Amino acid sequence: MDNVDMLAEQITDLIRRADATETTPVDRVHLLATAIGLAVDPLHQLELMMLLTDTAGRAAHDAAARALRGEGRPEGKAATWAQIGDAARLSKDTAFRQYHGGTALSWSTATRGVRQAVRRPADGGEAH
């Protein structure tokens, strides 16, 4: 067995462990990040990074829920939406809407540096 096969086997094992029902959201993020570090093929890295991004958003949602319950907080005091928003670098209103409207927290596309691309025709034809 060569190194590439061993790495592929390790990556498969990390993904399997990340998908296990008993794996905590934070542990899922760690396992997927480790898998990305082992991947050689840029397309495989991309696939794993997209999976990690989704997983991290869901882990952030879970962390917000724990903070709201006061788990792991000083004196067990529940966090406010302002504190959650500050920690996530979101407004408290955005954090509240994302928390109650879905299963993940995320930054806006503009915050992530994503801009709307405009396709231009290559040879004067119509853009597709």
# chains A, B, ... in the order shown; residues from 1 in each chain; ligands from 1

$ residues_around --residues "segment 32-41 of chain A" --least-positions-apart "2" --cutoff "10 Å" --atoms "only C-alpha atoms" --output "list in words"
Val4, Leu7, Ala8, Gln10, Ile11, Thr12, Asp13, Leu14, Ile15, Arg16, Arg17, Ala18, Asp19, Asp27, Arg28, Val29, His30, Leu43, His44, Gln45, Leu46, Glu47, Leu48, Met49, Leu51, Leu52, Thr53, Thr55 and Ala56 of chain A

$ select_by_dssp --residues "chain A" --states "alpha helix (DSSP H)" --output "number ranges by chain"
A: 3-19, 25-38, 42-69, 81-88, 92-101

$ atom_distance --atom1 "atom CA of Val114 of chain A" --atom2 "atom CA of Asp54 of chain A"
16.5 Å

$ residues_around --residues "Ala59 of chain A" --least-positions-apart "6" --cutoff "9 Å" --atoms "only C-alpha atoms" --output "NGL selection string"
:A and (24-26 or 28-29 or 104-105)
